[in-house]
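This report refers to the structure that appears directly beneath it.
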Amino acid sequence: MQKKLDELMEKRAAARLGGGQKRIDAQHAKGKMTARERIDLLLDDGSFEEFDMFKSHRCTSFGMEKTQFPGDGVVTGYGTIDGRLIYIYAQDFTVLGGSLSETLAEKICKVMDLAIKNGAPLIGLNDSGGARIQEGIEALAGYSDIFLRNVMASGVVPQISVILGPCAGGAVYSPALTDFIVMIKGNSYMFLTGPKVVKSVTHEDVTVEELGGADMHSSQSGVADYAAEDGKEALAYVERLLSFMPQNNVESPPVVLSDDPLERRAEQLNSLIPDNPNAAYDMKEVILSTVDNGDFLEVKEHFAPNIIIGFARFNGQPVGIVANQPMVLSGVLDINSSVKAARFVRFCDCFSIPVVTFVDVPGFLPGTNQEYNGVIRNGAKILYAYAEATIPKVTVVTRKAYGGAYCVMSSKHLRGDINYAWPTAEIAVMGGKGAVEVLYGREAKEKSNPEKFLADKEQEYLDAVANPYVAAQRGYIDDIIEPARTRFRIVKALGMLQNKQESNPMKKHGNIPL
């Protein structure tokens with residue numbers, strides 16, 4: 001018996017070395033952790049339970065039968081984060097570059113199936129050279145099997161991908177199907193075709209970092225939700241993300257005890273809105289002043305920054321935050337900001353996370369570039385997301401809410417549950433200047449002083465229409481509130497809505513304007 005136990009320990013030790021000490025040293029030389037080191041850092045101490053440690057590939061082509069490593073390029077299993085069950089796989093770059101084989105895909109699919117059946121989040125740590133060329137169609141079939149499970153798991157359990165090295169070609173589609181993607185600056189990249197192929201086809205000279213680096217994907221493409229400085233920061237971000245999420249789509253988000261008084265006033269908000277309606281202010285000050293302890297985890301901070309999304313808590317309850325940002329493009333909605341907010345709202349709706357929306361939006365961004373690229377179709381996505389969502393929705397209009405942009409930003413007409421407005425709110429079809437030019441432009445030409453005539457009419461319009469009281473009279477605004485009391489009013493509204501029951505008509509699924 002002891003001999004067999006010794007043999008087991010030897011085989012386990014060999015499997016834990018992956019591709020061997022030399023390759024582990026090479027991984028460290030690049031400033032990267034190994035697959036097992038990443039798992040140990042992310043999970044609670046001693047909680048990891050591994051599957052398929054001894055599984056090896058079955059390929060005999062191109063001399064592959066002579067290159068065998070136990071575990072075959074990926075470490076899979078389950079463990080806990082802050083005591084909560086999660087399933088995880090970590091590609092091992094020290095074994096054949098972490099390339100995906102038929103058996104490697106089988107290992108990943110096993111933990112994906114278990115995550116779905118047992119209702120626990122799935123985390124993928126990606127560091128792979130792509131499909132294992134020697135296996136051909138088997139590798140491609142393996143990717144497809146993973147993609148299918150990503151789709152089946154979508155909206156059932158949270159899925160988070162961390163890109164910790166290369167991720168190219170078909171490999172990018174599994175992360176793209178997950179809920180959140182975290183990348184590492186200078187040490188990870190994602191693209192469908194590399195710089196050499198781009199050069200040969202389009203004659204563009206581009207570096208790996210320019211084509212698919214973390215900075216590009218977190219600011220230009222919007223593929224990445226966060227660009228971390230290193231692996232430790234990336235995994236810490238994942239841990240924070242999970243703290244706001246339920247285990248699955250039938251559980252409630254985790255509520256924590258809060259030491260931030262719900263009655264706490266934020267006096268600075270009473271003087272935040274500038275007297276000049278065209279002057280900017282920072283909407284993040286509104287968010288940080290109202291959420292528990294000023295703790296806000298932003299998502300996609302550098303992509304479409306004219307809208308803000310992220311997670312926070314009100315009296316310990318997790319919420320998703322969506323807010324226009326007047327500091328960027330006056331807070332207008334455009335293609336990128338609409339898509340950014342829509343996907344976030346839909347994630348929150350999947351997992352019963354209430355959404356709090358702060359509105360200061362002058363409209364949709366005009367111009368041929370927006371129209372040619374489908375601002376109508378893409379702008380409709382945020383409308384669709386809010387209308388479809390059955391979670392509690394609390395909206396606060398701080399200043400401008402004009403035209404169609406008013407409609408789409410969680411208005412009462414899209415089943416907003418509680419809609420508040422500050423006294424500074426301006427709710428109308430358009431701004432005063434534009435409105436009077438439409439209404440009185442022709443008449444003004446006949447006046448001796450058309451500028452004064454239009455200015456008087458603009459003030460008349462603002463007094464009559466562009467204020468929150470008209471909307472409140474119609475019941476489209478539930479109350480006009482003191483800014484300093486915003487936190488208290490949101491907390492009370494969320495408490496009142498905690499047992500909300502709402503459903504959509506029976507259907508297979510809707511057809512969001514993709």
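Starting from 1 in every chain, residues are counted up; chains themselves are A, B, ... following the order of the structure tokens, and ligands are numbered from 1 as listed.
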Practice task
Please provide the set of residues having any atom within 12 Å of Glu298 in chain A, restricted to only C-alpha atoms, with same-chain residues fewer than 5 positions apart removed, written as an MDAnalysis selection string.
Solution key: chainID A and resid 225:227 237 240:241 284 287:288 303 305 307:312 320:323 344
Exercise for the section: Give me the residues within 10 Å of Gln268 in chain A as a VMD selection string, counting only C-alpha atoms and dropping any in the same chain fewer than 2 places off. Expected result: chain A and resid 265 to 266 270 to 273 285 to 286 289 483 to 484
Saved selection, atoms kept: N, CA and C atoms, as a short mmCIF file (atom, residue, chain, number, x, y, z; two decimals), in the first residue's frame:
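Wrote it out as out-v1.cif, contents follow:
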data_model
loop_
_atom_site.label_atom_id
_atom_site.label_comp_id
_atom_site.auth_asym_id
_atom_site.auth_seq_id
_atom_site.Cartn_x
_atom_site.Cartn_y
_atom_site.Cartn_z
N ARG A 265 -27.03 62.70 5.25
CA ARG A 265 -27.23 63.73 4.24
C ARG A 265 -25.93 64.01 3.49
N ALA A 266 -26.07 64.49 2.28
CA ALA A 266 -24.91 64.90 1.48
C ALA A 266 -25.14 66.36 1.08
N ASN A 270 -26.62 69.81 -2.63
CA ASN A 270 -27.56 70.93 -2.75
C ASN A 270 -26.99 72.09 -3.55
N SER A 271 -25.66 72.12 -3.70
CA SER A 271 -25.04 73.20 -4.48
C SER A 271 -24.20 72.66 -5.64
N LEU A 272 -24.43 71.41 -6.01
CA LEU A 272 -23.60 70.78 -7.05
C LEU A 272 -23.94 71.27 -8.45
N ILE A 273 -25.22 71.44 -8.76
CA ILE A 273 -25.63 71.80 -10.12
C ILE A 273 -25.29 73.26 -10.39
N GLU A 285 -19.49 62.44 -8.34
CA GLU A 285 -19.67 63.02 -7.01
C GLU A 285 -21.05 62.66 -6.46
N VAL A 286 -22.05 62.62 -7.33
CA VAL A 286 -23.39 62.23 -6.90
C VAL A 286 -23.38 60.77 -6.45
N SER A 289 -21.34 60.22 -3.21
CA SER A 289 -21.96 60.86 -2.05
C SER A 289 -23.18 60.12 -1.53
N PRO A 483 -31.70 67.34 -3.06
CA PRO A 483 -30.51 66.58 -3.43
C PRO A 483 -29.78 65.96 -2.24
N ALA A 484 -29.67 66.69 -1.15
CA ALA A 484 -28.94 66.19 0.02
C ALA A 484 -29.59 64.94 0.61
#
Exercise for the section: Could you please determine the separation between CA of Ser99 in chain A and CA of Ser128 in chain A in Å, to one decimal place? Expected result: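 These two atoms are separated by 5.4 Å.
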Practice task
Name all residues at most 9 Å from Ala385 in chain A (count only C-alpha atoms; drop same-chain ones fewer than 2 positions away) and give them as an MDAnalysis selection string.
Solution key: chainID A and resid 341:346 349 380:383 387:389 512
Save out the residues we just selected, N, CA and C atoms, as a CSV table (one decimal), in the first residue's frame.
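Saved the output as part.csv:
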chain,number,residue,atom,x,y,z
A,341,ALA,N,-24.3,50.6,-21.6
A,341,ALA,CA,-25.3,50.7,-20.6
A,341,ALA,C,-26.3,49.5,-20.8
A,342,ALA,N,-26.7,49.2,-22.0
A,342,ALA,CA,-27.7,48.2,-22.3
A,342,ALA,C,-27.2,46.8,-21.8
A,343,ARG,N,-26.0,46.5,-22.1
A,343,ARG,CA,-25.5,45.2,-21.7
A,343,ARG,C,-25.4,45.1,-20.2
A,344,PHE,N,-25.0,46.2,-19.5
A,344,PHE,CA,-24.9,46.2,-18.1
A,344,PHE,C,-26.3,46.0,-17.4
A,345,VAL,N,-27.3,46.7,-17.9
A,345,VAL,CA,-28.6,46.6,-17.4
A,345,VAL,C,-29.2,45.2,-17.5
A,346,ARG,N,-28.9,44.6,-18.7
A,346,ARG,CA,-29.3,43.2,-18.9
A,346,ARG,C,-28.6,42.2,-18.0
A,349,ASP,N,-30.4,42.6,-14.7
A,349,ASP,CA,-31.7,41.9,-14.8
A,349,ASP,C,-31.6,40.4,-14.7
A,380,ALA,N,-31.4,52.0,-29.6
A,380,ALA,CA,-32.6,51.2,-29.2
A,380,ALA,C,-32.3,50.1,-28.2
A,381,LYS,N,-31.0,49.8,-28.1
A,381,LYS,CA,-30.6,48.7,-27.2
A,381,LYS,C,-30.8,49.1,-25.8
A,382,ILE,N,-30.5,50.3,-25.4
A,382,ILE,CA,-30.6,50.8,-24.1
A,382,ILE,C,-32.1,50.9,-23.7
A,383,LEU,N,-32.9,51.3,-24.7
A,383,LEU,CA,-34.3,51.4,-24.5
A,383,LEU,C,-34.9,50.0,-24.2
A,387,ALA,N,-36.7,48.6,-20.8
A,387,ALA,CA,-38.1,48.2,-20.9
A,387,ALA,C,-38.3,46.7,-20.5
A,388,GLU,N,-37.3,45.9,-20.9
A,388,GLU,CA,-37.4,44.4,-20.7
A,388,GLU,C,-37.1,44.1,-19.2
A,389,ALA,N,-36.3,44.9,-18.5
A,389,ALA,CA,-35.9,44.5,-17.1
A,389,ALA,C,-37.0,44.5,-16.2
A,512,ILE,N,-33.8,41.6,-29.4
A,512,ILE,CA,-33.1,42.9,-29.2
A,512,ILE,C,-32.4,43.4,-30.5
Exercise for the section: Name the residues of range 169-406 of chain A that fall into strand (DSSP E or B) according to DSSP on the backbone, using the chain letters and numbers of this document, as an MDAnalysis selection string. Expected result: chainID A and resid 180:184 189:191 213 226:228 297:299 307:314 317:324 333 355:361 364 393:402
Practice task
List the neighbours of Tyr402 in chain A out to 6 Å using only C-alpha atoms; skip same-chain residues closer than 2 positions along the sequence, and give me the result as number ranges by chain.
Solution key: A: 362-363, 405-406, 427-430
Output file for the selection above: N, CA and C atoms, as an mmCIF file, in the first residue's frame:
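Result went into part-v3.cif, see below:
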data_model
loop_
_atom_site.group_PDB
_atom_site.id
_atom_site.type_symbol
_atom_site.label_atom_id
_atom_site.label_comp_id
_atom_site.auth_asym_id
_atom_site.auth_seq_id
_atom_site.Cartn_x
_atom_site.Cartn_y
_atom_site.Cartn_z
ATOM 1 N N PRO A 362 -28.715 65.465 -22.426
ATOM 2 C CA PRO A 362 -29.318 66.434 -23.339
ATOM 3 C C PRO A 362 -29.879 65.809 -24.603
ATOM 4 N N GLY A 363 -29.633 64.522 -24.832
ATOM 5 C CA GLY A 363 -30.155 63.875 -26.031
ATOM 6 C C GLY A 363 -29.169 62.868 -26.581
ATOM 7 N N ALA A 405 -33.912 60.726 -25.289
ATOM 8 C CA ALA A 405 -32.963 60.308 -24.258
ATOM 9 C C ALA A 405 -33.646 60.250 -22.887
ATOM 10 N N TYR A 406 -34.612 61.151 -22.639
ATOM 11 C CA TYR A 406 -35.400 61.061 -21.409
ATOM 12 C C TYR A 406 -36.153 59.738 -21.364
ATOM 13 N N ILE A 427 -37.092 68.637 -17.747
ATOM 14 C CA ILE A 427 -37.651 67.509 -18.492
ATOM 15 C C ILE A 427 -38.507 68.063 -19.621
ATOM 16 N N ALA A 428 -38.055 67.878 -20.851
ATOM 17 C CA ALA A 428 -38.746 68.455 -21.995
ATOM 18 C C ALA A 428 -38.326 67.756 -23.278
ATOM 19 N N VAL A 429 -38.979 68.128 -24.372
ATOM 20 C CA VAL A 429 -38.644 67.543 -25.666
ATOM 21 C C VAL A 429 -37.247 67.948 -26.094
ATOM 22 N N MET A 430 -36.888 69.204 -25.823
ATOM 23 C CA MET A 430 -35.548 69.682 -26.140
ATOM 24 C C MET A 430 -35.232 70.886 -25.265
#
Problem - Shortest interatomic distance to Val299 in chain A - which of A:Val238, A:Leu211, A:Met9, A:Ile376, counting only C-alpha atoms - result: A:Val238
Exercise for the section: Once DSSP has gone over the backbone, tell me which residues of range 47-130 of chain A are in alpha helix (DSSP H), as a PyMOL selection string. Expected result: chain A and resi 102-118
